[in-house]
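Taking it in order: structure first as structure tokens, then the write-up.
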Amino acid sequence: MSDQAPEIFAPEIFDRGARRCRRDRAAPLYREHDFLRGTMLDGIAERLDAVTRSFTDVLDLGCFDAAFPAPAGARVARCDSGFAFSAAAGGVQADEDRLPFADGSFDLVVSAGVLDQVDDLPGALSLIRRVLRPDGLFLGAFVGAGSLPALRAALRVAEADRPAARLHPQIDVRSAGDLLMRAGFALPVADVETLDVGYRDLGRLLGDLRGMAATNALKQRQSMTRAVFGRTLAAFADAADDRGRTHEKFQIVFLTGWSPDPSQPKPARRGSATASLTDALKR
């Protein structure tokens, strides 16, 4: 009998081939629908500006149209799971949980808008940490739990009798922070920002989702009948405000983590406090 531990495989939630095809389809007109990733990149830039150190080797993971501006003087490797995006960026085509880079290749990894569509997210985060050098920085952003409530509500009305999986599973900010810790990042931080967008009809929302390569890539997806689509359109329109706009929300989860290094600050040892919280509250 073998003493070797059994290999554990992450469940396959997403259709990798369909995801690549959706990214290739979105590539030609992506900049007409890139507002969501643009918001993510703005948030990443703000967090990067708060870091006082410099970076020399950067990985743009899930690069889309290579809109992430590299820090001054840094070399940038671009990587995307879609052929069209990776080729246009002069980068590498690879899935986020199957990175082809050697350990310690980068001192900064940035990923905006893709980690919510990865089968093995814990594995992807572990790989990101491995390709970072000691004291390297990871900054990520993705669409998190609580997003697309208007579309979800419309689908519940339209498919009340036989609901189908139409939207990807979503990760909340607390779970995202736990995943950073599980992957071995030091000083992990996860926070969330809300983006509110008004749509005059469901067709415009669906057009944006297609244009940003965010439509259904689940392995167990089902086609939608005309009747169900019609009821979804009507339910989405019924939620409009007095200006004829239905408001959709995107919850953007931001991740910050450092590759461990002895120079980093350490949390205080348990039981080492010299002041009483009870006494402080009394005062």
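Letters A, B, ... go to the chains of the structure tokens in the order shown; residues in each chain start at 1; ligands are counted from 1 in the same order.
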Output as JSON lines one row per residue of segment 164-250 of chain A within 12 Å of segment 46-59 of chain A: the closest atom pair and its distance in Å to one decimal place, counting only C-alpha atoms, sorted by chain and residue number ascending.
{"residue": "A:Val189", "atom": "CA", "partner": "A:Arg47", "partner_atom": "CA", "distance": 11.1}
{"residue": "A:Ala190", "atom": "CA", "partner": "A:Arg47", "partner_atom": "CA", "distance": 11.9}
{"residue": "A:Asp191", "atom": "CA", "partner": "A:Arg47", "partner_atom": "CA", "distance": 11.5}
Export of prior selection with N, CA, C and O atoms as a PDB file, in the first residue's frame:
ATOM      1  N   VAL A 189      -5.061  41.685   3.042  1.00  0.00           N
ATOM      2  CA  VAL A 189      -6.158  42.638   3.189  1.00  0.00           C
ATOM      3  C   VAL A 189      -7.159  42.393   2.060  1.00  0.00           C
ATOM      4  O   VAL A 189      -6.770  42.269   0.895  1.00  0.00           O
ATOM      5  N   ALA A 190      -8.431  42.315   2.406  1.00  0.00           N
ATOM      6  CA  ALA A 190      -9.501  42.229   1.415  1.00  0.00           C
ATOM      7  C   ALA A 190     -10.544  43.282   1.739  1.00  0.00           C
ATOM      8  O   ALA A 190     -10.980  43.386   2.885  1.00  0.00           O
ATOM      9  N   ASP A 191     -10.920  44.091   0.768  1.00  0.00           N
ATOM     10  CA  ASP A 191     -11.955  45.088   0.976  1.00  0.00           C
ATOM     11  C   ASP A 191     -12.831  45.160  -0.267  1.00  0.00           C
ATOM     12  O   ASP A 191     -12.496  44.584  -1.311  1.00  0.00           O
TER      13      ASP A 191
END
Looking only at strand (DSSP E or B) from DSSP on the backbone, list the matching residues of segment 61-140 of chain A as a VMD selection string.
chain A and resid 61 75 to 80 92 to 93 106 to 112 132 to 140
What does the distance from atom CA of Ile13 of chain A to atom CA of Val192 of chain A come to in Å, to one decimal?
24.1 Å
Could you find all residues in segment 93-224 of chain A that DSSP calls alpha helix (DSSP H) from the backbone, and write them as number ranges by chain?
A: 121-131, 149-158, 173-182, 202-211
Residues from last step as file, N, CA and C atoms, as a CSV table (one decimal), in the first residue's frame:
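For reference, out_20.csv as written:
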chain,number,residue,atom,x,y,z
A,121,LEU,N,-9.4,28.6,-7.5
A,121,LEU,CA,-8.9,29.9,-7.0
A,121,LEU,C,-7.9,29.7,-5.9
A,122,PRO,N,-8.1,28.9,-4.9
A,122,PRO,CA,-7.0,28.7,-3.9
A,122,PRO,C,-5.7,28.3,-4.6
A,123,GLY,N,-5.7,27.4,-5.6
A,123,GLY,CA,-4.5,27.0,-6.3
A,123,GLY,C,-3.9,28.2,-7.1
A,124,ALA,N,-4.8,29.0,-7.7
A,124,ALA,CA,-4.3,30.2,-8.5
A,124,ALA,C,-3.6,31.2,-7.5
A,125,LEU,N,-4.2,31.4,-6.4
A,125,LEU,CA,-3.5,32.3,-5.4
A,125,LEU,C,-2.2,31.8,-4.9
A,126,SER,N,-2.1,30.5,-4.7
A,126,SER,CA,-0.9,29.8,-4.3
A,126,SER,C,0.2,30.0,-5.3
A,127,LEU,N,-0.2,29.8,-6.6
A,127,LEU,CA,0.7,30.0,-7.7
A,127,LEU,C,1.2,31.4,-7.8
A,128,ILE,N,0.3,32.4,-7.6
A,128,ILE,CA,0.7,33.8,-7.6
A,128,ILE,C,1.7,34.0,-6.5
A,129,ARG,N,1.5,33.5,-5.3
A,129,ARG,CA,2.5,33.7,-4.3
A,129,ARG,C,3.8,33.1,-4.6
A,130,ARG,N,3.8,31.9,-5.3
A,130,ARG,CA,5.0,31.2,-5.6
A,130,ARG,C,5.9,32.0,-6.7
A,131,VAL,N,5.2,32.6,-7.6
A,131,VAL,CA,5.9,33.3,-8.7
A,131,VAL,C,6.4,34.7,-8.2
A,149,PRO,N,-27.6,42.2,-8.6
A,149,PRO,CA,-28.9,41.8,-7.9
A,149,PRO,C,-30.1,42.0,-8.8
A,150,ALA,N,-30.1,43.0,-9.6
A,150,ALA,CA,-31.3,43.2,-10.5
A,150,ALA,C,-31.5,42.1,-11.5
A,151,LEU,N,-30.4,41.7,-12.1
A,151,LEU,CA,-30.4,40.5,-13.1
A,151,LEU,C,-30.8,39.3,-12.3
A,152,ARG,N,-30.3,39.0,-11.2
A,152,ARG,CA,-30.6,37.8,-10.4
A,152,ARG,C,-32.1,37.8,-10.1
A,153,ALA,N,-32.6,38.9,-9.6
A,153,ALA,CA,-34.0,39.0,-9.3
A,153,ALA,C,-34.9,38.8,-10.5
A,154,ALA,N,-34.6,39.3,-11.6
A,154,ALA,CA,-35.3,39.1,-12.8
A,154,ALA,C,-35.4,37.7,-13.3
A,155,LEU,N,-34.2,37.0,-13.1
A,155,LEU,CA,-34.1,35.6,-13.5
A,155,LEU,C,-35.0,34.7,-12.5
A,156,ARG,N,-35.0,35.1,-11.2
A,156,ARG,CA,-35.9,34.4,-10.3
A,156,ARG,C,-37.3,34.5,-10.6
A,157,VAL,N,-37.7,35.7,-11.1
A,157,VAL,CA,-39.1,35.8,-11.5
A,157,VAL,C,-39.4,35.0,-12.8
A,158,ALA,N,-38.5,35.1,-13.7
A,158,ALA,CA,-38.7,34.4,-15.0
A,158,ALA,C,-38.6,32.9,-14.9
A,173,VAL,N,-16.2,39.1,0.5
A,173,VAL,CA,-14.9,39.7,0.8
A,173,VAL,C,-14.3,39.0,2.0
A,174,ARG,N,-15.1,38.4,2.9
A,174,ARG,CA,-14.5,37.7,4.0
A,174,ARG,C,-13.8,36.4,3.5
A,175,SER,N,-14.5,35.7,2.7
A,175,SER,CA,-13.9,34.5,2.1
A,175,SER,C,-12.7,34.8,1.3
A,176,ALA,N,-12.7,35.9,0.6
A,176,ALA,CA,-11.5,36.3,-0.2
A,176,ALA,C,-10.3,36.5,0.7
A,177,GLY,N,-10.5,37.2,1.8
A,177,GLY,CA,-9.4,37.3,2.8
A,177,GLY,C,-8.9,36.0,3.3
A,178,ASP,N,-9.8,35.1,3.6
A,178,ASP,CA,-9.4,33.8,4.1
A,178,ASP,C,-8.6,33.0,3.1
A,179,LEU,N,-9.0,33.2,1.8
A,179,LEU,CA,-8.2,32.5,0.7
A,179,LEU,C,-6.8,33.1,0.6
A,180,LEU,N,-6.6,34.4,0.8
A,180,LEU,CA,-5.3,34.9,0.8
A,180,LEU,C,-4.4,34.3,1.9
A,181,MET,N,-5.0,34.2,3.1
A,181,MET,CA,-4.3,33.6,4.2
A,181,MET,C,-3.9,32.1,3.9
A,182,ARG,N,-4.9,31.4,3.4
A,182,ARG,CA,-4.7,30.0,3.1
A,182,ARG,C,-3.6,29.8,2.0
A,202,LEU,N,-32.5,45.6,-20.4
A,202,LEU,CA,-31.6,44.4,-20.1
A,202,LEU,C,-30.6,44.1,-21.2
A,203,GLY,N,-31.0,44.4,-22.4
A,203,GLY,CA,-30.1,44.2,-23.6
A,203,GLY,C,-28.8,44.9,-23.4
A,204,ARG,N,-28.8,46.1,-22.9
A,204,ARG,CA,-27.6,46.9,-22.7
A,204,ARG,C,-26.7,46.2,-21.6
A,205,LEU,N,-27.3,45.8,-20.6
A,205,LEU,CA,-26.5,45.1,-19.5
A,205,LEU,C,-25.9,43.8,-20.1
A,206,LEU,N,-26.7,43.0,-20.8
A,206,LEU,CA,-26.2,41.8,-21.4
A,206,LEU,C,-25.1,42.1,-22.4
A,207,GLY,N,-25.2,43.2,-23.2
A,207,GLY,CA,-24.2,43.6,-24.1
A,207,GLY,C,-22.9,43.9,-23.4
A,208,ASP,N,-23.0,44.6,-22.3
A,208,ASP,CA,-21.8,44.9,-21.5
A,208,ASP,C,-21.1,43.6,-21.0
A,209,LEU,N,-22.0,42.7,-20.5
A,209,LEU,CA,-21.4,41.4,-20.0
A,209,LEU,C,-20.7,40.6,-21.1
A,210,ARG,N,-21.3,40.6,-22.2
A,210,ARG,CA,-20.6,39.9,-23.4
A,210,ARG,C,-19.4,40.6,-23.8
A,211,GLY,N,-19.4,42.0,-23.8
A,211,GLY,CA,-18.3,42.8,-24.2
A,211,GLY,C,-17.1,42.7,-23.3
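With atom CA of Glu12 of chain A on one side and atom CA of Asn216 of chain A on the other, the separation reads 14.3 Å.
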So which residues touch Leu167 of chain A within 8 Å, counting only C-alpha atoms, skipping near sequence neighbours fewer than 2 positions away, as a ChimeraX atom specification?
/A:165,169,215-216,218
May I have the selected residues written with N, CA, C and O atoms, as an mmCIF file, in the first residue's frame?
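After the write, result_5.cif holds the following:
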data_model
loop_
_atom_site.group_PDB
_atom_site.id
_atom_site.type_symbol
_atom_site.label_atom_id
_atom_site.label_comp_id
_atom_site.auth_asym_id
_atom_site.auth_seq_id
_atom_site.Cartn_x
_atom_site.Cartn_y
_atom_site.Cartn_z
ATOM 1 N N ALA A 165 -28.853 27.570 -13.498
ATOM 2 C CA ALA A 165 -27.606 28.283 -13.176
ATOM 3 C C ALA A 165 -27.241 29.184 -14.357
ATOM 4 O O ALA A 165 -26.807 28.704 -15.403
ATOM 5 N N PRO A 169 -20.836 31.481 -9.591
ATOM 6 C CA PRO A 169 -20.750 31.622 -8.132
ATOM 7 C C PRO A 169 -19.880 32.833 -7.786
ATOM 8 O O PRO A 169 -18.941 33.160 -8.515
ATOM 9 N N THR A 215 -19.973 36.645 -19.576
ATOM 10 C CA THR A 215 -21.199 35.856 -19.673
ATOM 11 C C THR A 215 -20.950 34.428 -19.177
ATOM 12 O O THR A 215 -19.818 34.040 -18.884
ATOM 13 N N ASN A 216 -22.013 33.657 -19.107
ATOM 14 C CA ASN A 216 -22.001 32.348 -18.482
ATOM 15 C C ASN A 216 -20.997 31.396 -19.135
ATOM 16 O O ASN A 216 -21.133 31.039 -20.302
ATOM 17 N N LEU A 218 -20.154 28.557 -17.199
ATOM 18 C CA LEU A 218 -20.271 27.395 -16.333
ATOM 19 C C LEU A 218 -20.279 26.107 -17.147
ATOM 20 O O LEU A 218 -20.817 26.060 -18.254
#
Neighbour list for Gln251 of chain A as a ChimeraX atom specification, cut-off 10 Å, only C-alpha atoms, skip fewer than 4 positions in-chain:
/A:142-148,170,172-173,192-196
Excluding Cys79 of chain A and its own-chain neighbours fewer than 4 positions away, which residues fall within 8 Å of it when counting only C-alpha atoms? Please give them as a short mmCIF file (atom, residue, chain, number, x, y, z; two decimals) with C-alpha atoms, in the first residue's frame.
data_model
loop_
_atom_site.label_atom_id
_atom_site.label_comp_id
_atom_site.auth_asym_id
_atom_site.auth_seq_id
_atom_site.Cartn_x
_atom_site.Cartn_y
_atom_site.Cartn_z
CA LEU A 59 3.09 40.18 -14.10
CA ASP A 60 -0.22 41.47 -15.50
CA LEU A 61 -2.37 38.37 -14.96
CA GLY A 62 -5.55 38.41 -17.02
CA CYS A 63 -4.25 41.30 -19.08
CA SER A 86 -2.57 37.47 -25.03
CA GLY A 91 2.10 37.97 -23.84
CA VAL A 92 1.54 34.35 -22.82
CA GLN A 93 -1.71 32.40 -23.07
CA ALA A 94 -2.36 30.49 -19.84
#
